[in-house]
Amino acid sequence: MIQKTINKELKELLRDGRVRISLFIVLLLLGVAVWISSRQYQHNNRDYAAAKLSERAVWEGQGEKNPHSAAHYGTYAFKPKYPLSLIDQGVDKYIGTSIFLEAHKRNEAQFSAATDQTGLARFGDLTPDFILLFIIPLLIVLLGYNAFTKERELGTHSLLKSAGAKGWKIVLGKWTALFLPILTLTAVLLLLAGLLLSNLTDYGVFQWSSLAVMGLVYLLYYAVFTNLVLWVSHWAKRSGISLVISLSLWIVACLAAPKAASNIAEARHPYPTRQEFAANVIKDKDAGLDGHNPWSKQAKLLEEQVLKEYGVDSLQQLPFNFNAYLAQKGEEHEAEVYFKHYNYLKEQYENQSGTYRSLALLSPFLPARFLSMAIARTDYTTHWDFSDAAENYRIATQKFLNNNTAQNTTYGESGYKASAEFWQELPQFDYQPPALGQILANNRSNLTILGIWALFSFGLLFFTAKKI
Amino acid sequence: MIITNNLTKKYGDFTALDHLELSVKEGDIYCLLGANGAGKTTTINLLLGFITPTSGSAFINQLNVQENPLETKQFLAYIPENLMLYPSLSAVENLDYFSGIGGKNLSRIELEGFLEEAGLQSEAFHKRIGSFSKGMRQKVGIAIALAKDAKVLLLDEPTSGLDPKASNEFGNLLQKLRGKGVATLMATHDLFRAKEVATHIGIMKDGQLKQQFVASDISLSQLEKAYLETMEYKTYAS
Amino acid sequence: MFRYNFKYESILLFRGRWIQVLNGLLILLFGFATYNGQQKTQKRKADIATINAEIQASDQNILKLLDSVEQGLQVNTRPWTVPNTPMAIGNYHPRVASKPPSDLSFLATGQSDMFTHFVKPTVSGDDLALNFSEMTSPVQLLFGSFDVAFVIIFLLPLLIIAFSYDVLSSERESGSLRLLAAQPISLYKWLMQKLALRFFWVVVITTVTVLLVFVANQVPVANNFSTILSFLAISLGYALFWFALAFAVNLWAESSAKNAVALLGLWVLFVLLIPSILNQLGSTLYPIPSRALMINEMRTIKAEATERQDDILDNYLRDHPEYAVNDTTQKRSFWHSYMASQNLVKKELEPVLLTYENQLQKQQQLLDNFTWLSPAIVVQGSMNQLADNGSESYEGYRNQVIAFAAEWRDHFLPMLYNNQAFSSEDYAGLPKFTYTPINNQSQSSVLLILLCSVSVVLGVGALRFYVSSAEKHSII
């Protein structure tokens with residue numbers, strides 16, 4: 001009987017001209033989006049590879065130079081693109097892809113794509129995630145809003161009941177018929193993306209497991225929508241009302257709630273302005289980490305300590321250049337200052353995430369979006385990870401350079417230049433995004449919320465089935 | 001009065017109406033009988049100007065319907081099979097609206113007068129139409145015809161869904177209008193009511209007017225037999 | 001007919017709760033959006049005020065120090081920050097170049113969440129190092145803002161669609177259309193009037209709500225009356241477009257359900273798809289070259305410049321003999337070489353940067369040529385313009401800051417190369433920055449575009465109506 005319902009519903013759907021047209025259009029859009037996205041992905045990766053190579057060449061080709069000059073000259077860390085970014089661009093458009101690593105300063109990523117685009121960019125891009133997150137739920141609304149109301153309006157509802165049809169069977173049949181085309185669409189898209197990505201093996205390591213988990217997240221998201229749309233269809237008296245309500249749900253969930261949430265999160269836990277941040281960093285650098293332990297004092301203490309350790313009376317007697325050693329320690333102190341301030345930013349972001357989570361009660365879109373971005377390694381957390389890795393590399397680089405000076409010069413010597421081959425000894429910056437397991441663990445709360453939505457919506461539907 | 005001259009309507013190869021010659025004079029009540037798809041509704045739609053004829057013409061009060069759509073509607077009143085009106089407006093408000101947009105500016109007393117004349121109880125005047133039965137709604141439809149001072153009345157299945165009392169009341173209303181000189185064309189399945197109120201009866205099949213009678217010349221059972229024969233059903237021993 | 005239509009349409013809308021629901025919804029939506037926008041504006045103002053206060057305080061300090069120094073007293077600051085050298089003032093006591101929010105900034109967030117609103121350009125700083133982007137959570141940038149522009153561009157059309165998708169089809173489905181068609185009226189006129197009346201109510205409710213909400217949120221309405229009028233005119237023009245669309249779709253004589261689906265499809269097309277496709281087209285046809293490669297070019301040029309410092313300085317003085325003349329002491333400080341090489345680097349990098357600017361401009365041009373494709377894009381541009389938060393506005397600000405930075409630099413360079421000291425009297429002559437909002441788009445042209453779109457749609461609808469004499473498309 002369930003099978004019969006499924007067949008009948010599917011037949012009705014496919015014979016409806018509007019449905020055929022909308023399915024066709026969605027497929028077309030998906031195709032275009034995937035094509036554009038893959039071209040972009042390949043282009044970005046070529047860029048990344050070229051930039052990395054050329055930057056390394058610049059670094060190694062510095063010739064004879066004082067290591068501290070090289071430290072100021074600096075180097076760049078570039079952010080690689082993870083394969084699944086083809087499906088979900090996440091926040092990549094709004095963050096830069098390169099961080100400048102220099103002495104005494106921790107910099108932010110520069111040159112976000114959005115700053116290089118016109119105001120139209122804020123409308124959104126024709127990317128697969130746009131279709132997956134916005135258009136497919138709308139499709140669910142359009143396909144399913146009259147699932148129950150049409151039976152009432154055509155008068156077939158009483159026929160069904162008098163034929164002895166069980167409530168839950170009807171519901172299951174309709175649910176499956178609605179979900180099947182969506183499932184097919186999603187599966188086709190993900191399969192297509194997977195095949196494409198596995199053929200581009202030059203760039204990044206593609207994992208089917210990540211793709212599968214992403215697929216599951218989206219399917220869960222669609223299941224929630226399917227449940228809600230069917231529940232509204234059952235509850236509403238007429239098709240018109242059902243359409244309006246389901247549509248309002250879509251608007252609130254996908255458009256209004258995220259915007260409202262971002263405004264509220266920003267208002268409650270604001271970021272400092274760039275100027276404020278820089279000013280605070282300078283203050284701490286001058287006055288010491290907690291205001292009353294300036295570096296000048298610490299340096300003196302360090303001097304005494306080292307002299308005692310090596311059992312000598314003056315700095316010239318040390319087996320290494322103390323100035324270089326002090327410079328390195330100073331560098332590490334500054335890094336701590338930056339660490340403290342960037343940590344504050346992270347805390348603010350964590351607080352903001354908390355706001356998003358609490359507002360996710362209004363919208364299943366929010367947890368799905370965050371999860372999708374996280375799995376595609378295009379979310380803000382992955383960027384923080386990259387940023388921290390770059391910082392660690394920067395500190396290691398400074399140590400490498402200062403150490404060289406410390407070992408190869410004596411106290412008070414000036415004009416030292418490292419050999420031209422020295423630069424090659426610095427290991428390359430290699431960043432690997434976190435593994436899937438780690439990401440899922442970090443996003444436990446989002447998974448839970450999506451799970452709650454699923455349970456809640458299935459629950460609603462269950463009670464509907466009882467009432468039929 | 002209503003006159004059709006070789007009125008024909010074809011949809012591609014399908015002939016909905018085939019050279020209809022019809023004449024309804026003032027004071028006549030003409031009942032058109034026929035099965036679904038015989039052409040009754042097509043005739044009414046053509047008279048209303050909702051569709052245009054393939055050939056032939058229709059006249060309302062000597063005005064060609066096709067050439068003078070707005071003028072003919074001045075004299076025309078129409079009650080469709082499912083007269084819905086606006087459920088959240090009252091009877092008086094509905095009447096006011098429909099006569100008002102046609103150009104008739106009536107006072108409340110006048111409106112109530114027409115509703116009363118149409119047989120609606122006064123308690124119902126200011127109640128919302130959403131709560132009315134079909135019979136009550138039809139009375140409002142008649143009131144619209146009265147308020148318009150219509151000379152021609154077109155009815156589509158007016159008695160379907162009415163109980164015998166309401167059906168009888170409706171028949172009386174039609175007689176009242178006939179007394180005012182209104183020419184009425186009524187498409188119906190209700191042989192009984194047709195025999196009760198009509199002055200003339202026509203039987204249609206496949207777009208053609210097969211038989212015409214003067215109502216007083218024929219009995220109800222004869223009418224039924226003629227109807228069934230036209231439909232080519234076997235009649236049982238009468 | 002009109003009087004009756006007006007009276008009864010309004011009664012129907014009121015009894016059907018439409019007016020109340022619309023009113024409530026619009027108050028809620030506009031209220032939240034305006035409140036949000038004002039919050040952001042207040043924060044922006046507060047940030048600028050804070051920084052101005054800091055500069056004020058620091059200036060007081062300068063004057064005190066200068067006073068001490070000029071009297072020959074010792075001062076207790078680091079030697080290179082003592083304010084009696086031009087470079088010290090130029091680098092450690094810069095002026096604030098700020099972009100204050102306009103009175104109507106709350107209308108549209110535009111690009112204001114991406115860029116910073118005050119910069120302090122120094123003499124030795126690089127124009128390229130001037131970082132105009134602001135520290136914001138990119139998630140916030142991704143989701144966008146719940147501002148008045150969002151309500152108007154995205155939500156208002158949906159309300160209008162819900163309000164009018166079945167204006168003809170419900171009459172047809174309930175049967176009252178046949179009765180109406182039997183009256184001596186023109187159905188076309190009747191439908192136009194019904195929609196016009198609904199539009200009238202939308203105008204009334206929107207205007208009242210907007211003004212109420214603005215006043216409640218302390219928007220200076222009186223000072224900005226004409227701008228607010230423009231805002232209302234454009235929003236209502238946009239609403240008119242959607243009503244016209246509803247009119248045309250209703251005339252296609254389909255069921256209410258199909259009308260709804262068609263109108264929603266059109267909403268997705270105009271509000272979501274066309275903008276994103278256009279954006280994609282822009283970046284595909286005129287892609288911005290790789291910033292990463294630009295970085296490499298820059299660094300190579302800078303590295304070469306560093307090596308040739310002395311040569312560069314000699315060349316520079318050759319080009320600016322007025323400085324060499326006064327350089328009696330021949331004292332070449334670090335700053336002399338530095339400023340000269342900065343100048344050279346800037347010259348050599350100009351062509352590289354120009355390519356980026358050109359591509360961006362070409363993108364903008366392409367988009368400007370095609371904005372008429374979607375009223376949503378036109379209205380967004382217009383809202384950004386009214387709020388002074390669009391990308392052109394920030395570009396204008398950037399250019400003004402760069403010009404000021406040059407002015408600031410040029411103020412001190414002569415002092416540097418003539419080895420002049422900075423004194424208290426020089427303080428009054430320091431350049432100041434004033435922001436001038438650019439005004440590149442006339443709102444009347446926007447209104448024109450909207451009205452043209454409306455007439456195109458109405459025309460299509462009318463054509464359909466007159467063609468519908470073929471009965472299978474009869475609106476009855």
# chains A, B, ... in the order shown; residues from 1 in each chain; ligands from 1
$ closest_atom_pairs --of "chain A" --to "chain C" --cutoff "8 Å" --atoms "only C-alpha atoms" --output "CSV"
residue,atom,partner,partner_atom,distance
A:Arg18,CA,C:Lys258,CA,7.8
A:Asp47,CA,C:Ser290,CA,6.9
A:Tyr48,CA,C:Ala292,CA,7.8
A:Ala51,CA,C:Ala292,CA,5.8
A:Ser54,CA,C:Asn296,CA,7.3
A:Glu55,CA,C:Asn296,CA,6.5
A:Val58,CA,C:Thr300,CA,7.6
A:Gly90,CA,C:Leu142,CA,7.9
A:Val91,CA,C:Pro138,CA,5.9
A:Tyr94,CA,C:Pro138,CA,5.6
A:Ile95,CA,C:Pro138,CA,6.7
A:Ser98,CA,C:Ala292,CA,7.3
A:Phe111,CA,C:Arg291,CA,6.9
A:Thr115,CA,C:Met114,CA,7.6
A:Asp116,CA,C:Leu360,CA,6.9
A:Gln117,CA,C:Leu360,CA,6.8
A:Thr118,CA,C:Ser391,CA,6.2
A:Gly119,CA,C:Ser391,CA,5.6
A:Leu120,CA,C:Asn279,CA,6.2
A:Ala121,CA,C:Asn279,CA,6.1
A:Arg122,CA,C:Gly144,CA,7.4
A:Phe123,CA,C:Ser276,CA,6.4
A:Gly124,CA,C:Ser276,CA,5.6
A:Asp125,CA,C:Ser276,CA,4.7
A:Leu126,CA,C:Ser276,CA,5.4
A:Leu142,CA,C:Val261,CA,7.0
A:Ser239,CA,C:Ala257,CA,7.4
A:Gly240,CA,C:Ala257,CA,6.8
A:Val244,CA,C:Ala162,CA,6.8
A:Ala256,CA,C:Phe146,CA,7.1
A:Pro258,CA,C:Phe143,CA,5.9
A:Lys259,CA,C:Ser145,CA,5.0
A:Ala260,CA,C:Phe146,CA,5.6
A:Ser262,CA,C:Gln140,CA,5.2
A:Asn263,CA,C:Ser145,CA,6.3
A:Glu266,CA,C:Gln140,CA,7.5
A:Ala267,CA,C:Gln39,CA,7.9
A:Tyr271,CA,C:Thr136,CA,6.4
A:Pro272,CA,C:Met135,CA,7.2
A:Thr273,CA,C:Met135,CA,6.0
A:Arg274,CA,C:Met135,CA,5.6
A:Gln275,CA,C:Val119,CA,7.8
A:Tyr349,CA,C:Ser137,CA,7.2
A:Tyr380,CA,C:Pro138,CA,7.1
$ interface_residues --of "chain B" --to "chain C" --cutoff "10 Å" --atoms "only C-alpha atoms" --output "MDAnalysis selection string"
chainID B and resid 11 45 47:52 69:89 93:94 96:105 141 148 154
$ write_last_selection --atoms "C-alpha atoms" --output "PDB file, in the first residue's frame"
ATOM      1  CA  TYR B  11     -13.356  23.947 -30.933  1.00  0.00           C
ATOM      2  CA  ASN B  45     -21.492  31.540 -22.340  1.00  0.00           C
ATOM      3  CA  LEU B  47     -25.035  34.885 -24.757  1.00  0.00           C
ATOM      4  CA  LEU B  48     -22.912  36.347 -22.000  1.00  0.00           C
ATOM      5  CA  GLY B  49     -20.109  37.153 -24.373  1.00  0.00           C
ATOM      6  CA  PHE B  50     -17.654  34.996 -22.422  1.00  0.00           C
ATOM      7  CA  ILE B  51     -16.789  33.245 -25.674  1.00  0.00           C
ATOM      8  CA  THR B  52     -17.183  34.274 -29.301  1.00  0.00           C
ATOM      9  CA  PRO B  69     -20.616  43.509 -24.972  1.00  0.00           C
ATOM     10  CA  LEU B  70     -21.026  46.215 -22.354  1.00  0.00           C
ATOM     11  CA  GLU B  71     -24.447  47.436 -23.483  1.00  0.00           C
ATOM     12  CA  THR B  72     -25.990  43.971 -23.594  1.00  0.00           C
ATOM     13  CA  LYS B  73     -24.784  43.328 -20.060  1.00  0.00           C
ATOM     14  CA  GLN B  74     -26.774  46.317 -18.886  1.00  0.00           C
ATOM     15  CA  PHE B  75     -29.963  44.352 -19.413  1.00  0.00           C
ATOM     16  CA  LEU B  76     -28.611  40.972 -18.495  1.00  0.00           C
ATOM     17  CA  ALA B  77     -28.707  39.179 -15.178  1.00  0.00           C
ATOM     18  CA  TYR B  78     -26.909  35.887 -14.702  1.00  0.00           C
ATOM     19  CA  ILE B  79     -26.976  33.340 -11.921  1.00  0.00           C
ATOM     20  CA  PRO B  80     -24.259  30.707 -12.336  1.00  0.00           C
ATOM     21  CA  GLU B  81     -24.552  27.197 -11.023  1.00  0.00           C
ATOM     22  CA  ASN B  82     -22.390  27.874  -7.993  1.00  0.00           C
ATOM     23  CA  LEU B  83     -23.173  31.401  -7.025  1.00  0.00           C
ATOM     24  CA  MET B  84     -20.532  32.220  -4.464  1.00  0.00           C
ATOM     25  CA  LEU B  85     -20.495  35.998  -4.016  1.00  0.00           C
ATOM     26  CA  TYR B  86     -18.128  37.393  -1.364  1.00  0.00           C
ATOM     27  CA  PRO B  87     -18.386  35.375   1.837  1.00  0.00           C
ATOM     28  CA  SER B  88     -17.117  38.040   4.190  1.00  0.00           C
ATOM     29  CA  LEU B  89     -19.583  40.668   2.933  1.00  0.00           C
ATOM     30  CA  GLU B  93     -23.069  44.744   0.873  1.00  0.00           C
ATOM     31  CA  ASN B  94     -22.861  42.170  -1.923  1.00  0.00           C
ATOM     32  CA  ASP B  96     -24.576  47.141  -3.187  1.00  0.00           C
ATOM     33  CA  TYR B  97     -21.266  46.147  -4.746  1.00  0.00           C
ATOM     34  CA  PHE B  98     -22.618  44.299  -7.757  1.00  0.00           C
ATOM     35  CA  SER B  99     -25.171  46.925  -8.603  1.00  0.00           C
ATOM     36  CA  GLY B 100     -22.752  49.724  -7.808  1.00  0.00           C
ATOM     37  CA  ILE B 101     -20.017  48.648 -10.171  1.00  0.00           C
ATOM     38  CA  GLY B 102     -22.630  48.373 -12.899  1.00  0.00           C
ATOM     39  CA  GLY B 103     -23.425  52.008 -12.354  1.00  0.00           C
ATOM     40  CA  LYS B 104     -26.494  51.830 -10.145  1.00  0.00           C
ATOM     41  CA  ASN B 105     -26.255  53.961  -7.048  1.00  0.00           C
ATOM     42  CA  GLY B 141     -28.637  36.669  -7.083  1.00  0.00           C
ATOM     43  CA  LYS B 148     -30.429  45.944 -12.165  1.00  0.00           C
ATOM     44  CA  LEU B 154     -29.803  33.579 -17.693  1.00  0.00           C
TER      45      LEU B 154
END
$ residues_around --residues "range 383-392 of chain A" --least-positions-apart "4" --cutoff "8 Å" --atoms "only C-alpha atoms" --output "MDAnalysis selection string"
chainID A and resid 77 79 99 101 106 108:109 378:379 396 429 431 433
$ residues_around --residues "Leu120 in chain B" --least-positions-apart "2" --cutoff "9 Å" --atoms "only C-alpha atoms" --output "PyMOL selection string"
chain B and resi 115-118+122-125+136+139-140+143
$ write_last_selection --atoms "C-alpha atoms" --output "CSV table (one decimal), in the first residue's frame"
chain,number,residue,atom,x,y,z
B,115,LEU,CA,-33.6,41.7,-1.1
B,116,GLU,CA,-37.1,41.5,0.4
B,117,GLU,CA,-38.6,41.3,-3.0
B,118,ALA,CA,-36.3,38.4,-3.8
B,122,SER,CA,-34.9,40.4,6.9
B,123,GLU,CA,-32.7,38.9,9.7
B,124,ALA,CA,-30.4,37.7,6.9
B,125,PHE,CA,-29.9,41.1,5.3
B,136,MET,CA,-30.4,32.1,0.2
B,139,LYS,CA,-32.2,34.9,-3.7
B,140,VAL,CA,-29.4,37.5,-3.5
B,143,ALA,CA,-32.1,40.6,-6.0
$ residues_around --residues "Ser442 in chain C" --least-positions-apart "3" --cutoff "12 Å" --atoms "only C-alpha atoms" --output "number ranges by chain"
C: 227, 230, 234, 378, 381-383, 385-386, 438-439, 445-449
$ closest_atom_pairs --of "range 241-289 of chain C" --to "range 192-213 of chain C" --cutoff "10 Å" --atoms "only C-alpha atoms" --output "JSON lines"
{"residue": "C:Trp242", "atom": "CA", "partner": "C:Phe199", "partner_atom": "CA", "distance": 9.8}
{"residue": "C:Phe243", "atom": "CA", "partner": "C:Leu195", "partner_atom": "CA", "distance": 7.0}
{"residue": "C:Ala244", "atom": "CA", "partner": "C:Leu195", "partner_atom": "CA", "distance": 8.4}
{"residue": "C:Ala246", "atom": "CA", "partner": "C:Leu195", "partner_atom": "CA", "distance": 8.6}
{"residue": "C:Phe247", "atom": "CA", "partner": "C:Leu195", "partner_atom": "CA", "distance": 7.2}
$ write_last_selection --atoms "N, CA and C atoms" --output "JSON list (two decimals), in the first residue's frame"
[["chain", "number", "residue", "atom", "x", "y", "z"],
["C", 242, "TRP", "N", 6.43, 44.64, -8.48],
["C", 242, "TRP", "CA", 5.94, 43.32, -8.10],
["C", 242, "TRP", "C", 4.43, 43.20, -8.27],
["C", 243, "PHE", "N", 3.72, 44.30, -8.03],
["C", 243, "PHE", "CA", 2.28, 44.28, -8.28],
["C", 243, "PHE", "C", 2.02, 44.08, -9.76],
["C", 244, "ALA", "N", 2.82, 44.76, -10.59],
["C", 244, "ALA", "CA", 2.63, 44.62, -12.04],
["C", 244, "ALA", "C", 2.86, 43.17, -12.45],
["C", 246, "ALA", "N", 2.43, 40.55, -10.56],
["C", 246, "ALA", "CA", 1.28, 39.77, -10.07],
["C", 246, "ALA", "C", 0.11, 39.94, -11.03],
["C", 247, "PHE", "N", -0.06, 41.18, -11.53],
["C", 247, "PHE", "CA", -1.12, 41.46, -12.49],
["C", 247, "PHE", "C", -0.94, 40.60, -13.74]]
$ atom_distance --atom1 "CA of Ile142 in chain B" --atom2 "CA of Pro158 in chain B"
10.9 Å
$ residues_around --residues "range 121-125 of chain C" --least-positions-apart "4" --cutoff "9 Å" --atoms "only C-alpha atoms" --output "PDB file with N, CA and C atoms, in the first residue's frame"
ATOM      1  N   MET C  87      59.498  64.144  10.975  1.00  0.00           N
ATOM      2  CA  MET C  87      59.163  62.735  10.821  1.00  0.00           C
ATOM      3  C   MET C  87      58.484  62.201  12.077  1.00  0.00           C
ATOM      4  N   ILE C  89      56.459  63.883  14.083  1.00  0.00           N
ATOM      5  CA  ILE C  89      55.045  64.268  13.998  1.00  0.00           C
ATOM      6  C   ILE C  89      54.355  63.430  12.915  1.00  0.00           C
ATOM      7  N   GLY C  90      55.008  63.379  11.767  1.00  0.00           N
ATOM      8  CA  GLY C  90      54.387  62.704  10.631  1.00  0.00           C
ATOM      9  C   GLY C  90      54.088  61.241  10.885  1.00  0.00           C
ATOM     10  N   ASN C  91      54.968  60.594  11.666  1.00  0.00           N
ATOM     11  CA  ASN C  91      54.769  59.167  11.878  1.00  0.00           C
ATOM     12  C   ASN C  91      54.055  58.815  13.170  1.00  0.00           C
ATOM     13  N   TYR C  92      54.313  59.562  14.230  1.00  0.00           N
ATOM     14  CA  TYR C  92      53.743  59.172  15.520  1.00  0.00           C
ATOM     15  C   TYR C  92      52.531  59.975  15.929  1.00  0.00           C
ATOM     16  N   HIS C  93      52.241  61.027  15.207  1.00  0.00           N
ATOM     17  CA  HIS C  93      51.055  61.808  15.560  1.00  0.00           C
ATOM     18  C   HIS C  93      50.213  62.082  14.324  1.00  0.00           C
ATOM     19  N   PRO C  94      49.766  61.003  13.682  1.00  0.00           N
ATOM     20  CA  PRO C  94      48.994  61.210  12.459  1.00  0.00           C
ATOM     21  C   PRO C  94      47.604  61.769  12.775  1.00  0.00           C
ATOM     22  N   ARG C  95      46.947  62.261  11.736  1.00  0.00           N
ATOM     23  CA  ARG C  95      45.575  62.736  11.870  1.00  0.00           C
ATOM     24  C   ARG C  95      44.623  61.587  11.573  1.00  0.00           C
ATOM     25  N   VAL C  96      43.392  61.737  12.015  1.00  0.00           N
ATOM     26  CA  VAL C  96      42.382  60.717  11.736  1.00  0.00           C
ATOM     27  C   VAL C  96      41.656  61.068  10.447  1.00  0.00           C
ATOM     28  N   ALA C  97      41.692  60.158   9.498  1.00  0.00           N
ATOM     29  CA  ALA C  97      40.892  60.336   8.284  1.00  0.00           C
ATOM     30  C   ALA C  97      39.699  59.402   8.435  1.00  0.00           C
ATOM     31  N   ALA C 129      50.174  49.595   2.260  1.00  0.00           N
ATOM     32  CA  ALA C 129      50.010  48.978   3.569  1.00  0.00           C
ATOM     33  C   ALA C 129      48.781  49.493   4.281  1.00  0.00           C
ATOM     34  N   LEU C 130      48.169  50.548   3.737  1.00  0.00           N
ATOM     35  CA  LEU C 130      46.953  51.045   4.354  1.00  0.00           C
ATOM     36  C   LEU C 130      45.887  49.972   4.233  1.00  0.00           C
ATOM     37  N   TRP C 335      65.855  58.583   7.107  1.00  0.00           N
ATOM     38  CA  TRP C 335      64.592  58.965   6.506  1.00  0.00           C
ATOM     39  C   TRP C 335      64.760  59.473   5.080  1.00  0.00           C
ATOM     40  N   TYR C 338      65.039  56.567   2.862  1.00  0.00           N
ATOM     41  CA  TYR C 338      63.794  55.802   2.914  1.00  0.00           C
ATOM     42  C   TYR C 338      62.709  56.455   2.081  1.00  0.00           C
ATOM     43  N   MET C 339      62.518  57.763   2.279  1.00  0.00           N
ATOM     44  CA  MET C 339      61.427  58.439   1.563  1.00  0.00           C
ATOM     45  C   MET C 339      61.672  58.417   0.069  1.00  0.00           C
ATOM     46  N   GLN C 342      60.887  54.961  -1.171  1.00  0.00           N
ATOM     47  CA  GLN C 342      59.428  54.759  -1.141  1.00  0.00           C
ATOM     48  C   GLN C 342      58.797  55.340  -2.390  1.00  0.00           C
ATOM     49  N   VAL C 401      41.407  59.245   1.169  1.00  0.00           N
ATOM     50  CA  VAL C 401      42.441  58.975   2.182  1.00  0.00           C
ATOM     51  C   VAL C 401      43.819  58.962   1.543  1.00  0.00           C
ATOM     52  N   ILE C 402      43.925  58.317   0.385  1.00  0.00           N
ATOM     53  CA  ILE C 402      45.224  58.265  -0.288  1.00  0.00           C
ATOM     54  C   ILE C 402      45.669  59.672  -0.670  1.00  0.00           C
ATOM     55  N   PHE C 404      44.819  62.369   0.900  1.00  0.00           N
ATOM     56  CA  PHE C 404      45.219  63.021   2.147  1.00  0.00           C
ATOM     57  C   PHE C 404      46.588  62.542   2.598  1.00  0.00           C
ATOM     58  N   ALA C 405      46.818  61.238   2.421  1.00  0.00           N
ATOM     59  CA  ALA C 405      48.126  60.691   2.808  1.00  0.00           C
ATOM     60  C   ALA C 405      49.224  61.387   2.015  1.00  0.00           C
ATOM     61  N   ALA C 406      48.963  61.616   0.729  1.00  0.00           N
ATOM     62  CA  ALA C 406      49.940  62.326  -0.097  1.00  0.00           C
ATOM     63  C   ALA C 406      50.111  63.753   0.410  1.00  0.00           C
ATOM     64  N   TRP C 408      49.612  64.840   3.415  1.00  0.00           N
ATOM     65  CA  TRP C 408      50.314  64.748   4.699  1.00  0.00           C
ATOM     66  C   TRP C 408      51.814  64.584   4.465  1.00  0.00           C
ATOM     67  N   ARG C 409      52.120  63.675   3.531  1.00  0.00           N
ATOM     68  CA  ARG C 409      53.511  63.417   3.210  1.00  0.00           C
ATOM     69  C   ARG C 409      54.162  64.658   2.635  1.00  0.00           C
ATOM     70  N   ASP C 410      53.472  65.268   1.680  1.00  0.00           N
ATOM     71  CA  ASP C 410      54.039  66.447   1.023  1.00  0.00           C
ATOM     72  C   ASP C 410      54.211  67.607   1.996  1.00  0.00           C
ATOM     73  N   PHE C 412      55.348  67.303   4.997  1.00  0.00           N
ATOM     74  CA  PHE C 412      56.559  67.107   5.795  1.00  0.00           C
ATOM     75  C   PHE C 412      57.830  66.937   4.981  1.00  0.00           C
ATOM     76  N   LEU C 413      57.673  66.473   3.731  1.00  0.00           N
ATOM     77  CA  LEU C 413      58.890  66.209   2.969  1.00  0.00           C
ATOM     78  C   LEU C 413      59.819  67.423   2.824  1.00  0.00           C
TER      79      LEU C 413
END
$ atom_distance --atom1 "CA of Glu26 in chain B" --atom2 "CA of Gln212 in chain B"
17.8 Å
$ residues_around --residues "range 24-38 of chain A" --least-positions-apart "5" --cutoff "7 Å" --atoms "only C-alpha atoms" --output "NGL selection string"
:A and (86 or 126-128 or 131)
$ select_by_dssp --residues "range 46-293 of chain C" --states "alpha helix (DSSP H)" --output "PyMOL selection string"
chain C and resi 46-70+86-92+138-143+148-150+156-164+169-174+176-181+187-216+225-251+256-267+274-285+291-293
$ atom_distance --atom1 "CA of Arg17 in chain C" --atom2 "CA of Lys237 in chain A"
16.8 Å
$ closest_residue --among "A:Ala360, A:Ile2, A:Leu154, A:Ala253" --to "Trp168 in chain A" --atoms "only C-alpha atoms"
A:Ile2
$ decode --residues "range 45-62 of chain C" --atoms "C-alpha atoms" --output "PDB file, in the first residue's frame"
ATOM      1  CA  LYS C  45      30.017  57.035  15.523  1.00  0.00           C
ATOM      2  CA  ALA C  46      31.314  55.975  18.936  1.00  0.00           C
ATOM      3  CA  ASP C  47      34.437  54.400  17.451  1.00  0.00           C
ATOM      4  CA  ILE C  48      35.237  57.543  15.520  1.00  0.00           C
ATOM      5  CA  ALA C  49      34.537  59.740  18.515  1.00  0.00           C
ATOM      6  CA  THR C  50      36.879  57.651  20.667  1.00  0.00           C
ATOM      7  CA  ILE C  51      39.716  57.875  18.216  1.00  0.00           C
ATOM      8  CA  ASN C  52      39.191  61.615  17.774  1.00  0.00           C
ATOM      9  CA  ALA C  53      39.327  62.050  21.528  1.00  0.00           C
ATOM     10  CA  GLU C  54      42.574  60.089  21.674  1.00  0.00           C
ATOM     11  CA  ILE C  55      44.134  62.270  19.025  1.00  0.00           C
ATOM     12  CA  GLN C  56      42.957  65.359  20.890  1.00  0.00           C
ATOM     13  CA  ALA C  57      44.598  64.150  24.087  1.00  0.00           C
ATOM     14  CA  SER C  58      47.775  63.205  22.296  1.00  0.00           C
ATOM     15  CA  ASP C  59      47.858  66.612  20.604  1.00  0.00           C
ATOM     16  CA  GLN C  60      47.695  68.335  23.972  1.00  0.00           C
ATOM     17  CA  ASN C  61      50.682  66.249  24.898  1.00  0.00           C
ATOM     18  CA  ILE C  62      52.594  67.290  21.787  1.00  0.00           C
TER      19      ILE C  62
END
